[in-house]
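Visitor: As input, take protein-v2.txt (compact mmCIF, N, CA and C atoms):
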```txt
# COMPACT_ATOMS: atom_id res chain seq x y z
N MET U 1401 0.86 -1.18 0.00
CA MET U 1401 0.00 0.00 0.00
C MET U 1401 0.91 1.24 0.00
N ASN U 1402 0.70 2.16 -0.98
CA ASN U 1402 1.52 3.36 -1.00
C ASN U 1402 0.99 4.39 0.01
N GLU U 1403 1.70 5.50 0.14
CA GLU U 1403 1.34 6.49 1.17
C GLU U 1403 -0.01 7.15 0.92
N TRP U 1404 -0.36 7.38 -0.36
CA TRP U 1404 -1.67 7.97 -0.67
C TRP U 1404 -2.79 7.00 -0.30
N GLU U 1405 -2.60 5.72 -0.58
CA GLU U 1405 -3.61 4.72 -0.23
C GLU U 1405 -3.73 4.59 1.28
N SER U 1406 -2.60 4.69 1.97
CA SER U 1406 -2.61 4.62 3.43
C SER U 1406 -3.37 5.81 4.02
N LEU U 1407 -3.12 6.99 3.48
CA LEU U 1407 -3.85 8.18 3.92
C LEU U 1407 -5.35 8.01 3.65
N ALA U 1408 -5.68 7.55 2.46
CA ALA U 1408 -7.09 7.35 2.09
C ALA U 1408 -7.75 6.34 3.03
N HIS U 1409 -7.04 5.28 3.38
CA HIS U 1409 -7.58 4.27 4.28
C HIS U 1409 -7.88 4.88 5.65
N ARG U 1410 -6.94 5.66 6.19
CA ARG U 1410 -7.15 6.29 7.51
C ARG U 1410 -8.32 7.27 7.47
N VAL U 1411 -8.38 8.08 6.42
CA VAL U 1411 -9.46 9.07 6.33
C VAL U 1411 -10.80 8.38 6.15
N ARG U 1412 -10.83 7.32 5.34
CA ARG U 1412 -12.08 6.56 5.15
C ARG U 1412 -12.55 5.94 6.46
N TRP U 1413 -11.62 5.43 7.24
CA TRP U 1413 -11.98 4.78 8.49
C TRP U 1413 -12.53 5.79 9.50
N ALA U 1414 -11.83 6.93 9.66
CA ALA U 1414 -12.24 7.91 10.67
C ALA U 1414 -13.28 8.90 10.15
N GLY U 1415 -13.32 9.10 8.84
CA GLY U 1415 -14.23 10.07 8.27
C GLY U 1415 -13.55 11.39 7.97
N HIS U 1416 -12.55 11.74 8.77
CA HIS U 1416 -11.83 12.99 8.56
C HIS U 1416 -10.45 12.92 9.21
N GLU U 1417 -9.61 13.86 8.83
CA GLU U 1417 -8.26 13.96 9.42
C GLU U 1417 -7.71 15.34 9.11
N ALA U 1418 -7.15 16.00 10.10
CA ALA U 1418 -6.50 17.29 9.88
C ALA U 1418 -5.02 17.04 9.59
N ARG U 1419 -4.51 17.73 8.58
CA ARG U 1419 -3.11 17.57 8.19
C ARG U 1419 -2.51 18.92 7.86
N ASP U 1420 -1.21 19.06 8.05
CA ASP U 1420 -0.49 20.25 7.58
C ASP U 1420 -0.31 20.11 6.09
N VAL U 1421 -0.36 21.23 5.39
CA VAL U 1421 -0.12 21.22 3.95
C VAL U 1421 1.27 20.64 3.69
N GLU U 1422 2.21 20.94 4.56
CA GLU U 1422 3.57 20.43 4.42
C GLU U 1422 3.60 18.90 4.31
N ASP U 1423 2.78 18.22 5.10
CA ASP U 1423 2.70 16.75 5.02
C ASP U 1423 2.23 16.29 3.65
N LEU U 1424 1.24 16.98 3.12
CA LEU U 1424 0.71 16.63 1.80
C LEU U 1424 1.73 16.90 0.70
N VAL U 1425 2.48 17.97 0.87
CA VAL U 1425 3.53 18.31 -0.10
C VAL U 1425 4.58 17.20 -0.12
N ARG U 1426 4.96 16.73 1.05
CA ARG U 1426 5.93 15.62 1.13
C ARG U 1426 5.37 14.36 0.50
N LEU U 1427 4.08 14.08 0.73
CA LEU U 1427 3.44 12.92 0.10
C LEU U 1427 3.50 13.02 -1.42
N ALA U 1428 3.41 14.24 -1.93
CA ALA U 1428 3.45 14.45 -3.37
C ALA U 1428 4.89 14.40 -3.91
N GLY U 1429 5.86 14.22 -3.02
CA GLY U 1429 7.25 14.13 -3.45
C GLY U 1429 7.86 15.48 -3.77
N ALA U 1430 7.30 16.54 -3.21
CA ALA U 1430 7.82 17.88 -3.47
C ALA U 1430 8.37 18.48 -2.19
N GLN U 1431 9.04 19.61 -2.35
CA GLN U 1431 9.60 20.30 -1.18
C GLN U 1431 8.87 21.60 -0.87
N LYS U 1432 8.22 22.16 -1.88
CA LYS U 1432 7.52 23.43 -1.71
C LYS U 1432 6.09 23.33 -2.23
N ALA U 1433 5.20 24.08 -1.61
CA ALA U 1433 3.78 24.04 -1.99
C ALA U 1433 3.46 25.10 -3.04
N GLY U 1434 3.99 24.92 -4.23
CA GLY U 1434 3.67 25.82 -5.33
C GLY U 1434 2.32 25.47 -5.93
N ALA U 1435 1.88 26.30 -6.86
CA ALA U 1435 0.56 26.12 -7.47
C ALA U 1435 0.42 24.76 -8.16
N ARG U 1436 1.44 24.32 -8.87
CA ARG U 1436 1.36 23.03 -9.56
C ARG U 1436 1.36 21.86 -8.58
N VAL U 1437 2.14 21.98 -7.53
CA VAL U 1437 2.18 20.93 -6.50
C VAL U 1437 0.81 20.82 -5.83
N ILE U 1438 0.22 21.96 -5.48
CA ILE U 1438 -1.11 21.98 -4.85
C ILE U 1438 -2.14 21.35 -5.79
N GLU U 1439 -2.06 21.68 -7.06
CA GLU U 1439 -2.99 21.10 -8.04
C GLU U 1439 -2.82 19.58 -8.10
N ARG U 1440 -1.59 19.12 -8.08
CA ARG U 1440 -1.32 17.67 -8.10
C ARG U 1440 -1.87 17.00 -6.83
N ILE U 1441 -1.71 17.65 -5.69
CA ILE U 1441 -2.23 17.11 -4.42
C ILE U 1441 -3.75 17.02 -4.48
N GLU U 1442 -4.40 18.07 -4.97
CA GLU U 1442 -5.86 18.06 -5.07
C GLU U 1442 -6.34 16.95 -5.99
N GLN U 1443 -5.61 16.70 -7.06
CA GLN U 1443 -5.97 15.61 -7.97
C GLN U 1443 -5.80 14.25 -7.31
N LYS U 1444 -4.71 14.09 -6.55
CA LYS U 1444 -4.48 12.81 -5.84
C LYS U 1444 -5.57 12.58 -4.81
N LEU U 1445 -5.92 13.61 -4.07
CA LEU U 1445 -6.98 13.48 -3.07
C LEU U 1445 -8.30 13.10 -3.74
N ALA U 1446 -8.63 13.78 -4.82
CA ALA U 1446 -9.88 13.50 -5.54
C ALA U 1446 -9.89 12.07 -6.07
N ALA U 1447 -8.75 11.60 -6.54
CA ALA U 1447 -8.66 10.23 -7.06
C ALA U 1447 -8.93 9.19 -5.98
N HIS U 1448 -8.73 9.57 -4.73
CA HIS U 1448 -8.98 8.67 -3.60
C HIS U 1448 -10.28 9.02 -2.87
N ASP U 1449 -11.15 9.82 -3.51
CA ASP U 1449 -12.43 10.25 -2.92
C ASP U 1449 -12.25 10.95 -1.59
N ILE U 1450 -11.21 11.77 -1.51
CA ILE U 1450 -10.97 12.57 -0.31
C ILE U 1450 -11.24 14.03 -0.65
N GLY U 1451 -12.16 14.63 0.10
CA GLY U 1451 -12.42 16.05 -0.04
C GLY U 1451 -11.55 16.82 0.93
N HIS U 1452 -11.52 18.13 0.79
CA HIS U 1452 -10.71 18.95 1.69
C HIS U 1452 -11.36 20.30 1.92
N LEU U 1453 -11.13 20.80 3.11
CA LEU U 1453 -11.56 22.15 3.50
C LEU U 1453 -10.33 22.88 4.02
N PRO U 1454 -10.05 24.05 3.51
CA PRO U 1454 -10.82 24.82 2.55
C PRO U 1454 -10.85 24.14 1.18
N SER U 1455 -11.77 24.62 0.34
CA SER U 1455 -11.97 23.97 -0.95
C SER U 1455 -10.80 24.16 -1.90
N LYS U 1456 -9.99 25.18 -1.69
CA LYS U 1456 -8.75 25.37 -2.43
C LYS U 1456 -7.62 25.27 -1.41
N LEU U 1457 -6.77 24.27 -1.59
CA LEU U 1457 -5.68 24.08 -0.64
C LEU U 1457 -4.74 25.29 -0.67
N PRO U 1458 -4.32 25.76 0.50
CA PRO U 1458 -3.40 26.90 0.54
C PRO U 1458 -1.98 26.50 0.15
N THR U 1459 -1.21 27.48 -0.33
CA THR U 1459 0.19 27.21 -0.66
C THR U 1459 1.10 27.46 0.53
N ASP U 1460 0.54 27.93 1.63
CA ASP U 1460 1.31 28.11 2.87
C ASP U 1460 1.43 26.74 3.54
N SER U 1461 2.63 26.20 3.56
CA SER U 1461 2.82 24.83 4.05
C SER U 1461 2.60 24.69 5.55
N THR U 1462 2.50 25.80 6.29
CA THR U 1462 2.27 25.70 7.73
C THR U 1462 0.78 25.63 8.06
N ARG U 1463 -0.08 25.84 7.07
CA ARG U 1463 -1.53 25.80 7.31
C ARG U 1463 -2.01 24.37 7.48
N ARG U 1464 -3.03 24.21 8.31
CA ARG U 1464 -3.70 22.91 8.48
C ARG U 1464 -4.94 22.90 7.61
N VAL U 1465 -5.23 21.74 7.08
CA VAL U 1465 -6.44 21.56 6.28
C VAL U 1465 -7.18 20.35 6.82
N LEU U 1466 -8.45 20.31 6.56
CA LEU U 1466 -9.27 19.19 7.00
C LEU U 1466 -9.58 18.32 5.80
N LEU U 1467 -9.15 17.07 5.88
CA LEU U 1467 -9.46 16.10 4.83
C LEU U 1467 -10.66 15.29 5.30
N TYR U 1468 -11.51 14.89 4.37
CA TYR U 1468 -12.66 14.06 4.74
C TYR U 1468 -12.94 13.06 3.63
N SER U 1469 -13.48 11.94 4.04
CA SER U 1469 -13.81 10.88 3.10
C SER U 1469 -15.20 11.12 2.54
N LYS U 1470 -15.29 11.16 1.24
CA LYS U 1470 -16.60 11.32 0.60
C LYS U 1470 -17.41 10.03 0.70
N ASP U 1471 -16.75 8.92 1.07
CA ASP U 1471 -17.42 7.62 1.18
C ASP U 1471 -17.90 7.32 2.59
N HIS U 1472 -17.51 8.14 3.56
CA HIS U 1472 -17.83 7.86 4.97
C HIS U 1472 -19.30 8.15 5.24
N ASN U 1473 -19.95 7.29 6.01
CA ASN U 1473 -21.38 7.46 6.30
C ASN U 1473 -21.66 8.50 7.37
N GLY U 1474 -20.68 8.88 8.14
CA GLY U 1474 -20.91 9.80 9.25
C GLY U 1474 -20.35 11.18 8.98
N ILE U 1475 -19.25 11.48 9.64
CA ILE U 1475 -18.62 12.80 9.56
C ILE U 1475 -18.27 13.18 8.13
N GLY U 1476 -17.69 12.25 7.40
CA GLY U 1476 -17.31 12.53 6.01
C GLY U 1476 -18.51 12.95 5.17
N TYR U 1477 -19.63 12.28 5.38
CA TYR U 1477 -20.86 12.61 4.65
C TYR U 1477 -21.31 14.03 4.99
N LEU U 1478 -21.31 14.37 6.28
CA LEU U 1478 -21.72 15.71 6.70
C LEU U 1478 -20.80 16.77 6.10
N LEU U 1479 -19.50 16.52 6.15
CA LEU U 1479 -18.56 17.49 5.60
C LEU U 1479 -18.71 17.64 4.09
N SER U 1480 -19.00 16.54 3.40
CA SER U 1480 -19.20 16.65 1.95
C SER U 1480 -20.45 17.47 1.63
N LEU U 1481 -21.49 17.34 2.45
CA LEU U 1481 -22.69 18.17 2.24
C LEU U 1481 -22.40 19.64 2.52
N VAL U 1482 -21.64 19.91 3.58
CA VAL U 1482 -21.27 21.29 3.88
C VAL U 1482 -20.46 21.88 2.74
N GLN U 1483 -19.50 21.10 2.23
CA GLN U 1483 -18.67 21.55 1.11
C GLN U 1483 -19.53 21.83 -0.12
N GLU U 1484 -20.47 20.94 -0.39
CA GLU U 1484 -21.36 21.09 -1.54
C GLU U 1484 -22.17 22.38 -1.42
N LEU U 1485 -22.68 22.64 -0.22
CA LEU U 1485 -23.46 23.86 0.00
C LEU U 1485 -22.58 25.10 -0.12
N ALA U 1486 -21.37 25.04 0.38
CA ALA U 1486 -20.46 26.18 0.33
C ALA U 1486 -20.13 26.57 -1.10
N LEU U 1487 -20.07 25.59 -1.98
CA LEU U 1487 -19.71 25.86 -3.38
C LEU U 1487 -20.93 26.10 -4.27
N GLN U 1488 -22.11 25.86 -3.72
CA GLN U 1488 -23.33 25.99 -4.51
C GLN U 1488 -23.61 27.45 -4.84
N ASP U 1489 -24.06 27.70 -6.04
CA ASP U 1489 -24.44 29.04 -6.47
C ASP U 1489 -25.65 29.48 -5.65
N PRO U 1490 -25.60 30.67 -5.03
CA PRO U 1490 -26.73 31.13 -4.21
C PRO U 1490 -28.05 31.20 -5.00
N ALA U 1491 -27.97 31.37 -6.31
CA ALA U 1491 -29.18 31.45 -7.12
C ALA U 1491 -29.77 30.07 -7.43
N ASP U 1492 -29.03 29.01 -7.08
CA ASP U 1492 -29.51 27.65 -7.32
C ASP U 1492 -30.74 27.42 -6.45
N GLU U 1493 -31.84 27.08 -7.08
CA GLU U 1493 -33.10 26.93 -6.36
C GLU U 1493 -33.33 25.53 -5.83
N ARG U 1494 -32.39 24.62 -6.09
CA ARG U 1494 -32.56 23.26 -5.57
C ARG U 1494 -32.25 23.27 -4.08
N ASN U 1495 -33.08 22.62 -3.31
CA ASN U 1495 -32.90 22.58 -1.86
C ASN U 1495 -32.50 21.20 -1.36
N ALA U 1496 -32.21 20.28 -2.26
CA ALA U 1496 -31.96 18.90 -1.85
C ALA U 1496 -30.79 18.80 -0.88
N THR U 1497 -29.72 19.51 -1.13
CA THR U 1497 -28.55 19.44 -0.24
C THR U 1497 -28.89 19.99 1.13
N VAL U 1498 -29.63 21.09 1.18
CA VAL U 1498 -30.03 21.66 2.46
C VAL U 1498 -30.88 20.67 3.24
N HIS U 1499 -31.82 20.01 2.56
CA HIS U 1499 -32.68 19.04 3.23
C HIS U 1499 -31.88 17.84 3.75
N ARG U 1500 -30.94 17.34 2.92
CA ARG U 1500 -30.12 16.20 3.36
C ARG U 1500 -29.27 16.58 4.57
N LEU U 1501 -28.65 17.77 4.52
CA LEU U 1501 -27.82 18.20 5.64
C LEU U 1501 -28.66 18.43 6.89
N ASP U 1502 -29.80 19.06 6.74
CA ASP U 1502 -30.69 19.30 7.87
C ASP U 1502 -31.11 17.98 8.51
N PHE U 1503 -31.48 17.00 7.68
CA PHE U 1503 -31.89 15.70 8.20
C PHE U 1503 -30.73 15.03 8.95
N ALA U 1504 -29.54 15.06 8.35
CA ALA U 1504 -28.38 14.42 8.99
C ALA U 1504 -28.03 15.10 10.31
N LEU U 1505 -28.08 16.42 10.35
CA LEU U 1505 -27.77 17.14 11.59
C LEU U 1505 -28.82 16.89 12.67
N LYS U 1506 -30.08 16.75 12.27
CA LYS U 1506 -31.12 16.41 13.25
C LYS U 1506 -30.89 15.02 13.83
N GLU U 1507 -30.43 14.10 13.01
CA GLU U 1507 -30.12 12.75 13.50
C GLU U 1507 -28.98 12.81 14.51
N VAL U 1508 -27.94 13.55 14.18
CA VAL U 1508 -26.79 13.69 15.09
C VAL U 1508 -27.24 14.32 16.40
N THR U 1509 -28.05 15.38 16.31
CA THR U 1509 -28.54 16.06 17.50
C THR U 1509 -29.39 15.11 18.35
N SER U 1510 -30.23 14.34 17.70
CA SER U 1510 -31.08 13.38 18.41
C SER U 1510 -30.23 12.35 19.15
N LEU U 1511 -29.21 11.84 18.48
CA LEU U 1511 -28.33 10.87 19.13
C LEU U 1511 -27.62 11.49 20.32
N LYS U 1512 -27.15 12.73 20.17
CA LYS U 1512 -26.46 13.40 21.26
C LYS U 1512 -27.40 13.64 22.43
N LEU U 1513 -28.59 14.13 22.14
CA LEU U 1513 -29.56 14.38 23.21
C LEU U 1513 -29.91 13.08 23.94
N ASN U 1514 -30.06 12.00 23.19
CA ASN U 1514 -30.36 10.71 23.79
C ASN U 1514 -29.20 10.27 24.69
N ALA U 1515 -27.97 10.43 24.21
CA ALA U 1515 -26.81 10.06 25.01
C ALA U 1515 -26.70 10.94 26.24
N ASP U 1516 -26.95 12.25 26.08
CA ASP U 1516 -26.87 13.17 27.21
C ASP U 1516 -27.91 12.82 28.28
N SER U 1517 -29.09 12.41 27.84
CA SER U 1517 -30.15 12.10 28.82
C SER U 1517 -29.79 10.87 29.64
N ARG U 1518 -28.94 10.00 29.10
CA ARG U 1518 -28.50 8.82 29.83
C ARG U 1518 -27.19 9.06 30.57
N GLY U 1519 -26.63 10.29 30.43
CA GLY U 1519 -25.39 10.62 31.12
C GLY U 1519 -24.15 10.10 30.42
N VAL U 1520 -24.29 9.65 29.18
CA VAL U 1520 -23.15 9.09 28.46
C VAL U 1520 -22.08 10.14 28.23
N ASN U 1521 -22.48 11.37 27.92
CA ASN U 1521 -21.51 12.41 27.61
C ASN U 1521 -21.18 13.27 28.82
N ARG U 1522 -21.51 12.78 30.01
CA ARG U 1522 -21.19 13.52 31.23
C ARG U 1522 -20.35 12.64 32.13
N PRO U 1523 -19.04 12.66 31.92
CA PRO U 1523 -18.19 11.77 32.71
C PRO U 1523 -18.22 12.06 34.21
N TRP U 1524 -18.69 13.25 34.58
CA TRP U 1524 -18.76 13.59 36.00
C TRP U 1524 -20.02 13.06 36.66
N ALA U 1525 -20.96 12.56 35.87
CA ALA U 1525 -22.22 12.05 36.43
C ALA U 1525 -21.93 10.74 37.18
N PRO U 1526 -22.65 10.51 38.28
CA PRO U 1526 -22.47 9.27 39.04
C PRO U 1526 -22.76 8.04 38.18
N GLN U 1527 -21.98 7.02 38.34
CA GLN U 1527 -22.18 5.78 37.59
C GLN U 1527 -23.29 4.98 38.24
N ALA U 1528 -24.15 4.40 37.42
CA ALA U 1528 -25.27 3.61 37.95
C ALA U 1528 -24.82 2.20 38.26
```
If you convert what's in this file into structure tokens, what do you get?
Guide:
Amino acid sequence: MNEWESLAHRVRWAGHEARDVEDLVRLAGAQKAGARVIERIEQKLAAHDIGHLPSKLPTDSTRRVLLYSKDHNGIGYLLSLVQELALQDPADERNATVHRLDFALKEVTSLKLNADSRGVNRPWAPQA
């Protein structure tokens, strides 16, 4: 398994991963984050179904970026919907992405509220 496949595997498993641009530049076999290197990195990420935020990778190698799996059912899915909405033309009258994101966020909120009511997310709560 090469380094890009290894990165893709980790991101797919977790749904997301924050990385320094410098790490991605090294993965691309380069020393500096120039425009062509960044373009090559974006193409490699896309080839492995990995999205990134911000939507245009910075050339500042000290910046951190958030990578996410477009195939992930949880966090990666939510981030891909957010990315899709961020890039959507404001004049676009389709609401499907908004509805999907709203539904997914309500599910997450429901799960959190359910866990909170049982004290799962309150480590200071007395154990039953």
Visitor: Check the DSSP output for the backbone and give back, as a list in words, the residues of range 1408-1467 of chain U in strand (DSSP E).
Guide: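 Listing strand (DSSP E) positions across range 1408-1467 of chain U yields His1416, Glu1417, Ala1418, Arg1419, Asp1420, Ile1450, Gly1451, His1452, Leu1453, Arg1464, Val1465, Leu1466 and Leu1467 of chain U.
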Visitor: Within 7 Å of (1.9, 22.8, 6.0), in the coordinates the file gives, what residues turn up when you count only N, CA and C atoms, written out as a list in words?
Guide: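 With a cut-off of 7 Å, the residues come to Arg1419, Asp1420, Val1421, Glu1422, Asp1423, Leu1424, Asp1460, Ser1461, Thr1462, Arg1463 and Arg1464 of chain U.
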Visitor: I want to know what sits within 12 Å of Lys1444 in chain U, based on only C-alpha atoms, with residues of the same chain fewer than 3 positions away left out; could you give that as an MDAnalysis selection string?
Guide: chainID U and resid 1403:1405 1407:1408 1424:1425 1427:1428 1437:1441 1447:1452
Visitor: I need the residue nearest Leu1487 in chain U from this list: U:Val1465, U:Leu1453, U:Met1401, U:Leu1445. Use only C-alpha atoms for the distance.
Guide: U:Leu1453
Visitor: Which residues in chain U does DSSP call alpha helix (DSSP H)? List them as a ChimeraX atom specification.
Guide: /U:1403-1414,1421-1427,1435-1447,1475-1487,1496-1517
Visitor: Can you complete the atoms of range 1440-1451 of chain U to all heavy atoms and list them as a PDB file, in the coordinates of the input?
Guide:
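The result, stored in out-v6.pdb:
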```pdb
ATOM      1  N   ARG U1440      -1.590  19.120  -8.080  1.00  0.00           N
ATOM      2  CA  ARG U1440      -1.320  17.670  -8.100  1.00  0.00           C
ATOM      3  C   ARG U1440      -1.870  17.000  -6.830  1.00  0.00           C
ATOM      4  O   ARG U1440      -2.448  15.914  -6.892  1.00  0.00           O
ATOM      5  CB  ARG U1440       0.185  17.433  -8.252  1.00  0.00           C
ATOM      6  CG  ARG U1440       0.526  16.063  -8.728  1.00  0.00           C
ATOM      7  CD  ARG U1440       1.958  15.942  -9.217  1.00  0.00           C
ATOM      8  NE  ARG U1440       2.928  16.061  -8.141  1.00  0.00           N
ATOM      9  CZ  ARG U1440       3.942  16.936  -8.121  1.00  0.00           C
ATOM     10  NH1 ARG U1440       4.132  17.767  -9.121  1.00  0.00           N
ATOM     11  NH2 ARG U1440       4.772  16.956  -7.104  1.00  0.00           N
ATOM     12  N   ILE U1441      -1.710  17.650  -5.690  1.00  0.00           N
ATOM     13  CA  ILE U1441      -2.230  17.110  -4.420  1.00  0.00           C
ATOM     14  C   ILE U1441      -3.750  17.020  -4.480  1.00  0.00           C
ATOM     15  O   ILE U1441      -4.341  15.997  -4.108  1.00  0.00           O
ATOM     16  CB  ILE U1441      -1.776  17.979  -3.228  1.00  0.00           C
ATOM     17  CG1 ILE U1441      -0.266  17.840  -3.020  1.00  0.00           C
ATOM     18  CG2 ILE U1441      -2.540  17.598  -1.964  1.00  0.00           C
ATOM     19  CD1 ILE U1441       0.318  18.850  -2.055  1.00  0.00           C
ATOM     20  N   GLU U1442      -4.400  18.070  -4.970  1.00  0.00           N
ATOM     21  CA  GLU U1442      -5.860  18.060  -5.070  1.00  0.00           C
ATOM     22  C   GLU U1442      -6.340  16.950  -5.990  1.00  0.00           C
ATOM     23  O   GLU U1442      -7.347  16.291  -5.705  1.00  0.00           O
ATOM     24  CB  GLU U1442      -6.358  19.429  -5.553  1.00  0.00           C
ATOM     25  CG  GLU U1442      -6.195  20.516  -4.510  1.00  0.00           C
ATOM     26  CD  GLU U1442      -6.569  21.908  -4.994  1.00  0.00           C
ATOM     27  OE1 GLU U1442      -6.636  22.126  -6.220  1.00  0.00           O
ATOM     28  OE2 GLU U1442      -6.806  22.764  -4.124  1.00  0.00           O
ATOM     29  N   GLN U1443      -5.610  16.700  -7.060  1.00  0.00           N
ATOM     30  CA  GLN U1443      -5.970  15.610  -7.970  1.00  0.00           C
ATOM     31  C   GLN U1443      -5.800  14.250  -7.310  1.00  0.00           C
ATOM     32  O   GLN U1443      -6.642  13.365  -7.469  1.00  0.00           O
ATOM     33  CB  GLN U1443      -5.132  15.697  -9.255  1.00  0.00           C
ATOM     34  CG  GLN U1443      -5.490  16.857 -10.131  1.00  0.00           C
ATOM     35  CD  GLN U1443      -4.502  17.067 -11.277  1.00  0.00           C
ATOM     36  OE1 GLN U1443      -3.454  16.441 -11.346  1.00  0.00           O
ATOM     37  NE2 GLN U1443      -4.845  17.981 -12.179  1.00  0.00           N
ATOM     38  N   LYS U1444      -4.710  14.090  -6.550  1.00  0.00           N
ATOM     39  CA  LYS U1444      -4.480  12.810  -5.840  1.00  0.00           C
ATOM     40  C   LYS U1444      -5.570  12.580  -4.810  1.00  0.00           C
ATOM     41  O   LYS U1444      -6.090  11.465  -4.676  1.00  0.00           O
ATOM     42  CB  LYS U1444      -3.110  12.823  -5.143  1.00  0.00           C
ATOM     43  CG  LYS U1444      -1.969  12.470  -6.026  1.00  0.00           C
ATOM     44  CD  LYS U1444      -2.025  11.003  -6.359  1.00  0.00           C
ATOM     45  CE  LYS U1444      -0.670  10.504  -6.782  1.00  0.00           C
ATOM     46  NZ  LYS U1444      -0.710   9.121  -7.206  1.00  0.00           N
ATOM     47  N   LEU U1445      -5.920  13.610  -4.070  1.00  0.00           N
ATOM     48  CA  LEU U1445      -6.980  13.480  -3.070  1.00  0.00           C
ATOM     49  C   LEU U1445      -8.300  13.100  -3.740  1.00  0.00           C
ATOM     50  O   LEU U1445      -8.998  12.198  -3.286  1.00  0.00           O
ATOM     51  CB  LEU U1445      -7.121  14.773  -2.260  1.00  0.00           C
ATOM     52  CG  LEU U1445      -5.955  15.130  -1.344  1.00  0.00           C
ATOM     53  CD1 LEU U1445      -6.141  16.526  -0.759  1.00  0.00           C
ATOM     54  CD2 LEU U1445      -5.783  14.102  -0.237  1.00  0.00           C
ATOM     55  N   ALA U1446      -8.630  13.780  -4.820  1.00  0.00           N
ATOM     56  CA  ALA U1446      -9.880  13.500  -5.540  1.00  0.00           C
ATOM     57  C   ALA U1446      -9.890  12.070  -6.070  1.00  0.00           C
ATOM     58  O   ALA U1446     -10.926  11.396  -6.036  1.00  0.00           O
ATOM     59  CB  ALA U1446     -10.065  14.498  -6.684  1.00  0.00           C
ATOM     60  N   ALA U1447      -8.750  11.600  -6.540  1.00  0.00           N
ATOM     61  CA  ALA U1447      -8.660  10.230  -7.060  1.00  0.00           C
ATOM     62  C   ALA U1447      -8.930   9.190  -5.980  1.00  0.00           C
ATOM     63  O   ALA U1447      -9.333   8.061  -6.275  1.00  0.00           O
ATOM     64  CB  ALA U1447      -7.281   9.988  -7.680  1.00  0.00           C
ATOM     65  N   HIS U1448      -8.730   9.570  -4.730  1.00  0.00           N
ATOM     66  CA  HIS U1448      -8.980   8.670  -3.600  1.00  0.00           C
ATOM     67  C   HIS U1448     -10.280   9.020  -2.870  1.00  0.00           C
ATOM     68  O   HIS U1448     -10.498   8.600  -1.737  1.00  0.00           O
ATOM     69  CB  HIS U1448      -7.795   8.698  -2.623  1.00  0.00           C
ATOM     70  CG  HIS U1448      -6.590   7.999  -3.159  1.00  0.00           C
ATOM     71  ND1 HIS U1448      -5.617   8.644  -3.884  1.00  0.00           N
ATOM     72  CD2 HIS U1448      -6.209   6.710  -3.088  1.00  0.00           C
ATOM     73  CE1 HIS U1448      -4.682   7.779  -4.232  1.00  0.00           C
ATOM     74  NE2 HIS U1448      -5.021   6.587  -3.763  1.00  0.00           N
ATOM     75  N   ASP U1449     -11.150   9.820  -3.510  1.00  0.00           N
ATOM     76  CA  ASP U1449     -12.430  10.250  -2.920  1.00  0.00           C
ATOM     77  C   ASP U1449     -12.250  10.950  -1.590  1.00  0.00           C
ATOM     78  O   ASP U1449     -13.029  10.758  -0.655  1.00  0.00           O
ATOM     79  CB  ASP U1449     -13.403   9.082  -2.785  1.00  0.00           C
ATOM     80  CG  ASP U1449     -13.986   8.668  -4.114  1.00  0.00           C
ATOM     81  OD1 ASP U1449     -14.110   9.538  -5.000  1.00  0.00           O
ATOM     82  OD2 ASP U1449     -14.321   7.480  -4.273  1.00  0.00           O
ATOM     83  N   ILE U1450     -11.210  11.770  -1.510  1.00  0.00           N
ATOM     84  CA  ILE U1450     -10.970  12.570  -0.310  1.00  0.00           C
ATOM     85  C   ILE U1450     -11.240  14.030  -0.650  1.00  0.00           C
ATOM     86  O   ILE U1450     -10.643  14.579  -1.578  1.00  0.00           O
ATOM     87  CB  ILE U1450      -9.518  12.416   0.189  1.00  0.00           C
ATOM     88  CG1 ILE U1450      -9.241  10.970   0.588  1.00  0.00           C
ATOM     89  CG2 ILE U1450      -9.262  13.354   1.371  1.00  0.00           C
ATOM     90  CD1 ILE U1450      -7.793  10.701   0.940  1.00  0.00           C
ATOM     91  N   GLY U1451     -12.160  14.630   0.100  1.00  0.00           N
ATOM     92  CA  GLY U1451     -12.420  16.050  -0.040  1.00  0.00           C
ATOM     93  C   GLY U1451     -11.550  16.820   0.930  1.00  0.00           C
ATOM     94  O   GLY U1451     -10.911  16.233   1.818  1.00  0.00           O
TER      95      GLY U1451
END
```
